[in-house]
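The structure file target-v4.cif is reproduced below (mmCIF, C-alpha atoms).
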```
data_protein
loop_
_atom_site.group_PDB
_atom_site.id
_atom_site.type_symbol
_atom_site.label_atom_id
_atom_site.label_comp_id
_atom_site.auth_asym_id
_atom_site.auth_seq_id
_atom_site.Cartn_x
_atom_site.Cartn_y
_atom_site.Cartn_z
ATOM 1 C CA MET A 8 16.539 59.262 19.783
ATOM 2 C CA SER A 9 19.471 58.259 17.601
ATOM 3 C CA ARG A 10 18.868 55.964 14.641
ATOM 4 C CA ILE A 11 19.791 52.329 15.136
ATOM 5 C CA ASP A 12 22.693 51.405 12.876
ATOM 6 C CA LYS A 13 24.296 47.982 13.383
ATOM 7 C CA VAL A 14 26.456 48.028 10.248
ATOM 8 C CA PHE A 15 30.163 47.189 10.517
ATOM 9 C CA THR A 16 32.572 48.073 7.733
ATOM 10 C CA SER A 17 34.175 44.627 7.410
ATOM 11 C CA ALA A 18 33.868 41.014 8.491
ATOM 12 C CA ALA A 19 37.217 41.329 10.294
ATOM 13 C CA GLU A 20 35.914 44.233 12.370
ATOM 14 C CA ALA A 21 32.685 42.392 13.170
ATOM 15 C CA VAL A 22 34.414 39.273 14.569
ATOM 16 C CA ALA A 23 37.389 41.029 16.176
ATOM 17 C CA ASP A 24 36.245 40.371 19.761
ATOM 18 C CA ILE A 25 35.723 36.622 19.285
ATOM 19 C CA THR A 26 38.550 35.320 21.448
ATOM 20 C CA ASP A 27 40.059 31.980 22.445
ATOM 21 C CA GLY A 28 37.537 29.696 24.142
ATOM 22 C CA SER A 29 34.445 31.428 22.756
ATOM 23 C CA SER A 30 31.273 29.493 21.953
ATOM 24 C CA LEU A 31 29.476 30.075 18.653
ATOM 25 C CA ALA A 32 26.236 29.044 16.984
ATOM 26 C CA VAL A 33 26.727 28.991 13.203
ATOM 27 C CA GLY A 34 23.963 28.890 10.601
ATOM 28 C CA GLY A 35 23.926 26.762 7.487
ATOM 29 C CA PHE A 36 22.917 23.279 6.380
ATOM 30 C CA GLY A 37 25.552 21.362 4.480
ATOM 31 C CA LEU A 38 27.204 24.151 2.512
ATOM 32 C CA CYS A 39 23.964 26.078 2.035
ATOM 33 C CA GLY A 40 23.811 29.346 3.960
ATOM 34 C CA ASN A 41 27.353 29.150 5.343
ATOM 35 C CA PRO A 42 28.577 32.558 6.605
ATOM 36 C CA ILE A 43 31.893 31.965 4.863
ATOM 37 C CA ALA A 44 33.196 35.557 4.979
ATOM 38 C CA LEU A 45 32.738 35.668 8.754
ATOM 39 C CA ILE A 46 34.303 32.217 9.124
ATOM 40 C CA GLU A 47 37.339 33.236 7.064
ATOM 41 C CA ALA A 48 37.687 36.470 9.062
ATOM 42 C CA LEU A 49 37.553 34.418 12.257
ATOM 43 C CA LEU A 50 40.247 32.120 10.861
ATOM 44 C CA ALA A 51 42.448 35.121 10.062
ATOM 45 C CA GLY A 52 41.835 36.531 13.550
ATOM 46 C CA GLY A 53 43.468 33.508 15.149
ATOM 47 C CA ALA A 54 40.896 32.560 17.832
ATOM 48 C CA ARG A 55 41.383 29.000 19.138
ATOM 49 C CA ASP A 56 39.680 26.419 21.357
ATOM 50 C CA LEU A 57 36.284 27.315 19.918
ATOM 51 C CA SER A 58 33.118 25.459 20.913
ATOM 52 C CA ILE A 59 30.787 25.492 17.923
ATOM 53 C CA VAL A 60 27.125 24.548 17.596
ATOM 54 C CA SER A 61 26.078 23.930 13.991
ATOM 55 C CA ASN A 62 24.174 21.297 12.049
ATOM 56 C CA ASN A 63 27.445 20.080 10.513
ATOM 57 C CA CYS A 64 31.077 21.153 10.110
ATOM 58 C CA GLY A 65 31.291 21.953 6.412
ATOM 59 C CA VAL A 66 33.720 19.998 4.257
ATOM 60 C CA ASP A 67 37.504 19.746 4.366
ATOM 61 C CA ASP A 68 38.124 23.022 2.517
ATOM 62 C CA TRP A 69 34.921 25.012 2.995
ATOM 63 C CA GLY A 70 32.629 26.367 5.668
ATOM 64 C CA LEU A 71 33.536 25.473 9.227
ATOM 65 C CA GLY A 72 35.912 22.899 7.757
ATOM 66 C CA VAL A 73 38.553 25.612 7.308
ATOM 67 C CA LEU A 74 38.557 26.310 11.058
ATOM 68 C CA LEU A 75 38.644 22.598 11.801
ATOM 69 C CA ARG A 76 41.583 21.997 9.458
ATOM 70 C CA ALA A 77 43.502 24.800 11.174
ATOM 71 C CA GLY A 78 42.967 23.169 14.566
ATOM 72 C CA ARG A 79 40.853 26.019 15.912
ATOM 73 C CA ILE A 80 37.812 23.991 17.053
ATOM 74 C CA ARG A 81 37.839 22.253 20.441
ATOM 75 C CA SER A 82 34.300 20.855 20.390
ATOM 76 C CA MET A 83 31.309 20.533 18.064
ATOM 77 C CA THR A 84 27.620 20.098 18.825
ATOM 78 C CA SER A 85 26.085 18.797 15.592
ATOM 79 C CA SER A 86 23.454 16.518 14.130
ATOM 80 C CA TYR A 87 25.444 15.380 11.075
ATOM 81 C CA VAL A 88 29.191 14.873 10.821
ATOM 82 C CA GLY A 89 29.672 13.244 7.407
ATOM 83 C CA GLU A 90 31.379 14.682 4.289
ATOM 84 C CA ASN A 91 34.482 15.736 6.245
ATOM 85 C CA LYS A 92 37.443 13.361 6.467
ATOM 86 C CA GLU A 93 39.425 15.693 8.713
ATOM 87 C CA PHE A 94 36.509 15.743 11.154
ATOM 88 C CA GLU A 95 36.572 11.953 11.294
ATOM 89 C CA ARG A 96 40.327 11.910 11.830
ATOM 90 C CA GLN A 97 40.300 14.477 14.638
ATOM 91 C CA PHE A 98 37.336 12.866 16.394
ATOM 92 C CA LEU A 99 38.750 9.339 16.342
ATOM 93 C CA SER A 100 42.199 10.539 17.396
ATOM 94 C CA GLY A 101 40.798 12.350 20.434
ATOM 95 C CA GLU A 102 41.650 15.845 19.174
ATOM 96 C CA LEU A 103 37.999 16.897 18.810
ATOM 97 C CA GLN A 104 35.060 16.544 21.179
ATOM 98 C CA LEU A 105 31.600 15.911 19.694
ATOM 99 C CA GLU A 106 28.099 16.099 21.131
ATOM 100 C CA LEU A 107 25.973 14.330 18.506
ATOM 101 C CA THR A 108 22.367 15.562 18.722
ATOM 102 C CA PRO A 109 19.219 14.619 16.764
ATOM 103 C CA GLN A 110 18.558 17.282 14.143
ATOM 104 C CA GLY A 111 15.128 18.403 15.342
ATOM 105 C CA THR A 112 16.329 18.416 18.933
ATOM 106 C CA LEU A 113 19.301 20.587 17.981
ATOM 107 C CA ALA A 114 17.015 23.066 16.231
ATOM 108 C CA GLU A 115 14.729 23.266 19.249
ATOM 109 C CA LYS A 116 17.652 23.600 21.687
ATOM 110 C CA LEU A 117 18.786 26.697 19.772
ATOM 111 C CA ARG A 118 15.275 28.131 19.493
ATOM 112 C CA ALA A 119 14.593 27.500 23.179
ATOM 113 C CA GLY A 120 17.834 29.191 24.166
ATOM 114 C CA GLY A 121 16.931 32.254 22.150
ATOM 115 C CA SER A 122 13.434 32.304 23.656
ATOM 116 C CA GLY A 123 14.606 32.154 27.262
ATOM 117 C CA ILE A 124 13.404 28.569 27.796
ATOM 118 C CA ALA A 125 15.858 26.616 29.935
ATOM 119 C CA ALA A 126 14.880 23.101 28.845
ATOM 120 C CA PHE A 127 12.102 21.079 27.213
ATOM 121 C CA TRP A 128 10.764 17.525 27.010
ATOM 122 C CA THR A 129 10.813 15.547 23.764
ATOM 123 C CA GLN A 130 10.114 11.965 22.709
ATOM 124 C CA THR A 131 13.113 12.001 20.350
ATOM 125 C CA GLY A 132 15.907 9.801 21.659
ATOM 126 C CA VAL A 133 13.935 7.884 24.277
ATOM 127 C CA GLY A 134 15.197 4.303 24.534
ATOM 128 C CA THR A 135 18.521 5.143 22.868
ATOM 129 C CA GLN A 136 21.942 6.315 24.017
ATOM 130 C CA VAL A 137 20.716 9.878 23.492
ATOM 131 C CA ALA A 138 18.669 9.432 26.679
ATOM 132 C CA GLU A 139 20.463 6.542 28.374
ATOM 133 C CA GLY A 140 23.986 7.912 27.917
ATOM 134 C CA GLY A 141 27.106 6.251 26.581
ATOM 135 C CA LEU A 142 27.486 8.096 23.265
ATOM 136 C CA PRO A 143 31.202 8.743 22.678
ATOM 137 C CA ARG A 144 32.020 12.435 23.002
ATOM 138 C CA ARG A 145 35.781 12.094 22.932
ATOM 139 C CA TYR A 146 38.049 9.168 22.082
ATOM 140 C CA ASP A 147 41.419 8.513 23.701
ATOM 141 C CA GLY A 148 43.296 8.045 20.416
ATOM 142 C CA ALA A 149 43.735 4.316 20.975
ATOM 143 C CA GLY A 150 40.194 3.188 20.149
ATOM 144 C CA GLY A 151 38.796 3.675 23.638
ATOM 145 C CA VAL A 152 36.216 6.207 24.825
ATOM 146 C CA ALA A 153 37.701 8.941 27.008
ATOM 147 C CA LEU A 154 34.404 10.784 27.565
ATOM 148 C CA ALA A 155 30.845 9.535 27.067
ATOM 149 C CA SER A 156 27.515 11.322 27.242
ATOM 150 C CA PRO A 157 25.715 11.157 30.608
ATOM 151 C CA PRO A 158 22.198 9.774 31.063
ATOM 152 C CA LYS A 159 19.367 12.299 30.853
ATOM 153 C CA GLU A 160 16.193 12.593 32.887
ATOM 154 C CA VAL A 161 13.203 10.707 31.434
ATOM 155 C CA ARG A 162 9.595 11.268 32.488
ATOM 156 C CA SER A 163 6.225 10.102 31.270
ATOM 157 C CA PHE A 164 3.630 12.581 29.961
ATOM 158 C CA ALA A 165 0.190 12.076 28.417
ATOM 159 C CA VAL A 166 0.220 13.097 24.729
ATOM 160 C CA ARG A 167 -3.232 13.060 23.078
ATOM 161 C CA GLY A 168 -4.411 10.825 25.861
ATOM 162 C CA VAL A 169 -1.542 8.341 25.491
ATOM 163 C CA GLU A 170 1.163 8.086 28.144
ATOM 164 C CA ARG A 171 4.615 8.415 26.538
ATOM 165 C CA GLU A 172 8.150 8.766 27.835
ATOM 166 C CA HIS A 173 10.047 12.000 27.160
ATOM 167 C CA VAL A 174 13.686 12.971 27.608
ATOM 168 C CA LEU A 175 14.722 16.314 29.088
ATOM 169 C CA GLU A 176 16.888 18.391 26.754
ATOM 170 C CA GLU A 177 18.622 21.578 27.878
ATOM 171 C CA ALA A 178 18.547 24.708 25.727
ATOM 172 C CA ILE A 179 21.639 26.123 24.032
ATOM 173 C CA THR A 180 22.973 29.677 24.213
ATOM 174 C CA THR A 181 26.359 30.787 22.912
ATOM 175 C CA ASP A 182 28.664 33.775 23.200
ATOM 176 C CA PHE A 183 28.330 34.592 19.498
ATOM 177 C CA ALA A 184 26.321 33.545 16.440
ATOM 178 C CA LEU A 185 27.329 33.806 12.772
ATOM 179 C CA VAL A 186 24.743 33.719 9.958
ATOM 180 C CA HIS A 187 24.371 34.515 6.251
ATOM 181 C CA ALA A 188 21.285 36.310 4.894
ATOM 182 C CA GLN A 189 20.202 37.462 1.449
ATOM 183 C CA ARG A 190 18.968 40.867 2.637
ATOM 184 C CA GLY A 191 19.288 42.886 5.797
ATOM 185 C CA ASP A 192 18.684 46.431 6.938
ATOM 186 C CA ARG A 193 20.710 48.665 9.217
ATOM 187 C CA ALA A 194 18.524 47.700 12.185
ATOM 188 C CA GLY A 195 19.401 44.015 11.722
ATOM 189 C CA ASN A 196 16.143 42.691 10.263
ATOM 190 C CA LEU A 197 17.041 39.749 8.000
ATOM 191 C CA VAL A 198 15.595 37.860 5.038
ATOM 192 C CA PHE A 199 17.043 34.451 4.102
ATOM 193 C CA HIS A 200 16.915 32.877 0.642
ATOM 194 C CA ARG A 201 14.888 29.685 0.493
ATOM 195 C CA SER A 202 16.692 26.733 2.089
ATOM 196 C CA ALA A 203 19.484 29.005 3.332
ATOM 197 C CA ARG A 204 16.939 29.885 6.007
ATOM 198 C CA ASN A 205 17.326 26.388 7.548
ATOM 199 C CA PHE A 206 19.199 26.660 10.883
ATOM 200 C CA SER A 207 20.185 30.311 10.496
ATOM 201 C CA PRO A 208 17.345 32.075 12.391
ATOM 202 C CA LEU A 209 17.655 29.546 15.227
ATOM 203 C CA ALA A 210 21.427 29.952 15.468
ATOM 204 C CA ALA A 211 21.003 33.728 15.453
ATOM 205 C CA MET A 212 18.488 33.561 18.296
ATOM 206 C CA ALA A 213 20.882 31.556 20.474
ATOM 207 C CA GLY A 214 23.832 33.951 20.250
ATOM 208 C CA ARG A 215 24.331 36.656 22.872
ATOM 209 C CA ILE A 216 26.035 38.657 20.107
ATOM 210 C CA THR A 217 24.800 37.793 16.625
ATOM 211 C CA ILE A 218 26.719 38.798 13.507
ATOM 212 C CA ALA A 219 25.091 38.612 10.073
ATOM 213 C CA GLN A 220 26.759 38.823 6.682
ATOM 214 C CA VAL A 221 24.247 40.007 4.061
ATOM 215 C CA GLU A 222 24.305 40.097 0.285
ATOM 216 C CA GLN A 223 22.176 43.247 0.111
ATOM 217 C CA LEU A 224 21.974 46.015 2.690
ATOM 218 C CA VAL A 225 18.882 48.252 2.655
ATOM 219 C CA GLU A 226 17.529 51.049 4.790
ATOM 220 C CA PRO A 227 15.069 50.404 7.647
ATOM 221 C CA GLY A 228 11.545 50.219 6.276
ATOM 222 C CA GLU A 229 12.550 48.850 2.861
ATOM 223 C CA ILE A 230 11.846 45.273 3.970
ATOM 224 C CA ASP A 231 8.130 44.605 4.322
ATOM 225 C CA PRO A 232 7.494 43.533 7.930
ATOM 226 C CA ASP A 233 5.687 40.422 6.649
ATOM 227 C CA GLU A 234 8.857 39.390 4.791
ATOM 228 C CA VAL A 235 11.182 39.575 7.785
ATOM 229 C CA HIS A 236 12.404 36.093 8.747
ATOM 230 C CA LEU A 237 14.424 37.241 11.758
ATOM 231 C CA PRO A 238 13.704 40.482 13.656
ATOM 232 C CA GLY A 239 16.594 42.838 14.290
ATOM 233 C CA VAL A 240 16.222 42.410 18.053
ATOM 234 C CA TYR A 241 18.254 39.196 17.667
ATOM 235 C CA VAL A 242 20.976 40.758 15.489
ATOM 236 C CA HIS A 243 23.749 42.995 16.800
ATOM 237 C CA ARG A 244 26.121 43.438 13.846
ATOM 238 C CA VAL A 245 25.591 43.477 10.075
ATOM 239 C CA VAL A 246 28.251 43.280 7.351
ATOM 240 C CA GLU A 247 27.395 43.877 3.698
ATOM 241 C CA LEU A 248 29.229 41.628 1.240
ATOM 242 C CA GLY A 249 27.415 42.257 -2.044
ATOM 243 C CA PRO A 250 25.782 39.672 -4.349
ATOM 244 C CA ASP A 251 29.051 38.074 -5.496
ATOM 245 C CA VAL A 252 29.829 36.332 -2.211
ATOM 246 C CA ALA A 253 31.233 32.865 -2.879
ATOM 247 C CA LYS A 254 28.823 29.919 -2.572
ATOM 248 C CA ARG A 255 29.467 26.213 -2.909
ATOM 249 C CA ILE A 256 27.365 23.165 -3.778
ATOM 250 C CA GLU A 257 28.086 20.143 -1.603
ATOM 251 C CA ARG A 258 27.226 17.531 -4.214
ATOM 252 C CA ARG A 259 25.870 17.834 -7.723
ATOM 253 C CA THR A 260 23.974 14.804 -8.982
ATOM 254 C CA VAL A 261 22.910 14.401 -12.610
ATOM 255 C CA ARG A 262 20.925 11.766 -14.411
ATOM 256 C CA THR A 263 20.556 10.727 -18.051
ATOM 257 C CA VAL A 264 17.246 11.624 -19.700
ATOM 258 C CA ARG A 265 16.216 9.890 -22.948
ATOM 259 C CA THR A 266 14.484 12.264 -25.366
ATOM 260 C CA ASP A 267 11.987 11.441 -28.128
ATOM 261 C CA ASP A 268 14.716 11.316 -30.777
ATOM 262 C CA ASP A 269 16.571 8.731 -28.687
ATOM 263 C CA SER A 270 19.470 11.116 -27.982
ATOM 264 C CA ASN A 271 20.766 11.639 -24.481
ATOM 265 C CA ARG A 272 21.367 14.803 -22.595
ATOM 266 C CA LYS A 273 22.339 15.641 -19.029
ATOM 267 C CA ALA A 274 19.684 17.019 -16.716
#
```
Show me this structure written as C-alpha cells.
Amino acid sequence: MSRIDKVFTSAAEAVADITDGSSLAVGGFGLCGNPIALIEALLAGGARDLSIVSNNCGVDDWGLGVLLRAGRIRSMTSSYVGENKEFERQFLSGELQLELTPQGTLAEKLRAGGSGIAAFWTQTGVGTQVAEGGLPRRYDGAGGVALASPPKEVRSFAVRGVEREHVLEEAITTDFALVHAQRGDRAGNLVFHRSARNFSPLAAMAGRITIAQVEQLVEPGEIDPDEVHLPGVYVHRVVELGPDVAKRIERRTVRTVRTDDDSNRKA
C-alpha cells in the first residue's frame, strides 16, 4: 500500500480548482487562525461569486476582507459581521447576501454537516426572527429588504422533564474548507494553537475538500495521537508555510498600571 501524502507544494496549487460559484467553510475567529495564505492564493486565482461560511469576514484589509473588497464574495453565513466597513457598505447596498446565524448554532451546523447529521433541534433562537423569519438577507439598495429569512419549524421537546420549544436548524456542508494549523503531518492530522482552534476543526469537517495551511510539517507518527485536534480523514490537502506566516491582532487594548513608586507604565 502506498504511503498517504497530502502535501501540496504551494497555496496556489492547493486552491487551483476552487472555481466561480464555489462554497467554502473558512476557519478563524476575528483575525485569529485566519488561513491568510490560502485566502490570498484564492484572491490571485480570480474565483468569483463565492458563498462563504465563517464566523466573521475579517477586516477591510485582512482575512476574508481582502476577498470581500475585491468583490469576490456573493454571500456570507456568519455569526458576527462587525469590524468591517466594506461589509456594511456591500450588505446595505444589496451587493452582498448575509445569513446571520447565532454563534453556537453556526458551530453546530458545521459540526453536524461534517458528521453526516442532516439537521438538529436547538432552543437558541426560539421566539426571535431566527425562528420566525424576517431577518434581512439582502437589501435592495434603497433601504428596503429584497430577501428575508423564511420561518423555521418549531417543535416542543421535554428537556430534563421540562417541555421547551426548539427550532430546527439544517446542517452545513461546503465544496471546500480552508483552515490554518500550527502543526500537521503528511497524512493531514492537525494541531491548532490555543484559540486558533476555535472554528477551524468544525469548518474543516464541513468541507468536501479541506485544505490546511500549516506552520510546521512533520512526518506521520511524530504527532502523538492524543494531541491530534483534527484527524487526517477530514483533510485532503496540506501546504507548509513555515513559522513566519503573517498574523494580525484585531485590536490591542492597554491599560495604565500604577506601580509602588507612583510611576506609570503600559501593561
Practice problem: Run the PyMOL selection byres ((chain A and resi 41) around 10) against the file shown and list the residues it catches, as a list in words. | Solution: Val33, Gly34, Gly35, Phe36, Gly37, Leu38, Cys39, Gly40, Pro42, Ile43, Ala44, Leu45, Ile46, Gly65, Trp69, Gly70, Leu71, Leu185, Val186, His187, Ala188, Ala203, Ser207, Gln220, Ala253, Lys254 and Arg255 of chain A
Mind dumping the selected residues with C-alpha atoms as a CSV table (one decimal), in the coordinates of the input?
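Heads up, here's the output in again_3.csv:
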```csv
chain,number,residue,atom,x,y,z
A,33,VAL,CA,26.7,29.0,13.2
A,34,GLY,CA,24.0,28.9,10.6
A,35,GLY,CA,23.9,26.8,7.5
A,36,PHE,CA,22.9,23.3,6.4
A,37,GLY,CA,25.6,21.4,4.5
A,38,LEU,CA,27.2,24.2,2.5
A,39,CYS,CA,24.0,26.1,2.0
A,40,GLY,CA,23.8,29.3,4.0
A,42,PRO,CA,28.6,32.6,6.6
A,43,ILE,CA,31.9,32.0,4.9
A,44,ALA,CA,33.2,35.6,5.0
A,45,LEU,CA,32.7,35.7,8.8
A,46,ILE,CA,34.3,32.2,9.1
A,65,GLY,CA,31.3,22.0,6.4
A,69,TRP,CA,34.9,25.0,3.0
A,70,GLY,CA,32.6,26.4,5.7
A,71,LEU,CA,33.5,25.5,9.2
A,185,LEU,CA,27.3,33.8,12.8
A,186,VAL,CA,24.7,33.7,10.0
A,187,HIS,CA,24.4,34.5,6.3
A,188,ALA,CA,21.3,36.3,4.9
A,203,ALA,CA,19.5,29.0,3.3
A,207,SER,CA,20.2,30.3,10.5
A,220,GLN,CA,26.8,38.8,6.7
A,253,ALA,CA,31.2,32.9,-2.9
A,254,LYS,CA,28.8,29.9,-2.6
A,255,ARG,CA,29.5,26.2,-2.9
```
Quiz item: Near Arg76 (chain A), counting only C-alpha atoms, which residues have an atom at most 12 Å away, once you skip same-chain residues fewer than 4 positions from it, shown as a PyMOL selection string?
Solution: chain A and resi 50+55+64-72+80-81+91-97+102-103
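Here the PyMOL selection byres ((chain A and resi 60) around 10) matches the residues Ser30, Leu31, Ala32, Val33, Gly34, Leu57, Ser58, Ile59, Ser61, Asn62, Asn63, Cys64, Ser82, Met83, Thr84, Ser85, Ser86, Leu105, Glu106, Leu113, Leu117, Ile179, Thr180, Thr181, Ala184, Ala210 and Ala213 of chain A.
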Selection from above, C-alpha atoms, as a PDB file, keeping the file's coordinate frame, can you write it?
```
ATOM      1  CA  SER A  30      31.273  29.493  21.953  1.00  0.00           C
ATOM      2  CA  LEU A  31      29.476  30.075  18.653  1.00  0.00           C
ATOM      3  CA  ALA A  32      26.236  29.044  16.984  1.00  0.00           C
ATOM      4  CA  VAL A  33      26.727  28.991  13.203  1.00  0.00           C
ATOM      5  CA  GLY A  34      23.963  28.890  10.601  1.00  0.00           C
ATOM      6  CA  LEU A  57      36.284  27.315  19.918  1.00  0.00           C
ATOM      7  CA  SER A  58      33.118  25.459  20.913  1.00  0.00           C
ATOM      8  CA  ILE A  59      30.787  25.492  17.923  1.00  0.00           C
ATOM      9  CA  SER A  61      26.078  23.930  13.991  1.00  0.00           C
ATOM     10  CA  ASN A  62      24.174  21.297  12.049  1.00  0.00           C
ATOM     11  CA  ASN A  63      27.445  20.080  10.513  1.00  0.00           C
ATOM     12  CA  CYS A  64      31.077  21.153  10.110  1.00  0.00           C
ATOM     13  CA  SER A  82      34.300  20.855  20.390  1.00  0.00           C
ATOM     14  CA  MET A  83      31.309  20.533  18.064  1.00  0.00           C
ATOM     15  CA  THR A  84      27.620  20.098  18.825  1.00  0.00           C
ATOM     16  CA  SER A  85      26.085  18.797  15.592  1.00  0.00           C
ATOM     17  CA  SER A  86      23.454  16.518  14.130  1.00  0.00           C
ATOM     18  CA  LEU A 105      31.600  15.911  19.694  1.00  0.00           C
ATOM     19  CA  GLU A 106      28.099  16.099  21.131  1.00  0.00           C
ATOM     20  CA  LEU A 113      19.301  20.587  17.981  1.00  0.00           C
ATOM     21  CA  LEU A 117      18.786  26.697  19.772  1.00  0.00           C
ATOM     22  CA  ILE A 179      21.639  26.123  24.032  1.00  0.00           C
ATOM     23  CA  THR A 180      22.973  29.677  24.213  1.00  0.00           C
ATOM     24  CA  THR A 181      26.359  30.787  22.912  1.00  0.00           C
ATOM     25  CA  ALA A 184      26.321  33.545  16.440  1.00  0.00           C
ATOM     26  CA  ALA A 210      21.427  29.952  15.468  1.00  0.00           C
ATOM     27  CA  ALA A 213      20.882  31.556  20.474  1.00  0.00           C
TER      28      ALA A 213
END
```
Quiz item: For Arg162 (chain A), which residue among A:Gln130, A:Ser202, A:Ser100, A:Ser29 is the nearest when counting all atoms listed in the file?
Solution: A:Gln130
Quiz item: Care to translate the PyMOL selection byres ((chain A and resi 24) around 12) into actual residues of this file, as a PyMOL selection string?
Solution: chain A and resi 18-23+25-29+48-49+52-54+182-183+216+218
Quiz item: Neighbours of region 139-141 of chain A within 9 Å (only C-alpha atoms; same-chain residues fewer than 4 positions away dropped), as a list in words?
Solution: Gly132, Val133, Gly134, Thr135, Leu154, Ala155, Ser156, Pro157, Pro158, Lys159, Glu160 and Val161 of chain A
Exercise. Please tell me which residues are no farther than 10 Å from (18.3, 26.3, 23.8) in the file, counting all atoms listed in the file, and write them as a ChimeraX atom specification.
Key: /A:112-127,176-181,209-210,212-213
Quiz prompt | For CA of Val14 (chain A) and CA of Asp233 (chain A), the interatomic separation in Å (one decimal) | solution = 22.4 Å
Quiz item: Do you have the CA of Val261 (chain A)-CA of Asn205 (chain A) distance handy?
Solution: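 If I compute the distance from CA of Val261 (chain A) to CA of Asn205 (chain A), I get 24.1 Å.
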Exercise. Find, counting all atoms listed in the file, the residue in A:Pro208, A:Gly191, A:Gly89, A:Pro232 that gets nearest to Gly249 (chain A).
Key: A:Gly191
Could you give me, as a PDB file with C-alpha atoms, keeping the file's coordinate frame, the residues within 12 Å of Ala165 (chain A), counting all atoms listed in the file and dropping anything in the same chain fewer than 6 positions from it?
```pdb
ATOM      1  CA  TRP A 128      10.764  17.525  27.010  1.00  0.00           C
ATOM      2  CA  GLN A 130      10.114  11.965  22.709  1.00  0.00           C
ATOM      3  CA  ARG A 171       4.615   8.415  26.538  1.00  0.00           C
ATOM      4  CA  GLU A 172       8.150   8.766  27.835  1.00  0.00           C
ATOM      5  CA  HIS A 173      10.047  12.000  27.160  1.00  0.00           C
TER       6      HIS A 173
END
```
Exercise. Select, counting all atoms listed in the file, all protein, DNA and RNA residues no farther than 7 Å from (26.4, 48.3, 12.1) in file coordinates, and express the selection as a ChimeraX atom specification.
Key: /A:12-15,193,244-245
Exercise. Using all atoms listed in the file, pick whichever of A:Glu234, A:Val240, A:Leu142, A:Glu222 has the shortest atom-to-atom distance to Val252 (chain A).
Key: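 Result for the nearest residue to Val252 (chain A): A:Glu222.
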Exercise. Would you mind listing what lies within 8 Å of Val242 (chain A) as an MDAnalysis selection string, with all atoms listed in the file counted and same-chain residues fewer than 4 positions away left out?
Key: chainID A and resid 195:196 211 216:219 238
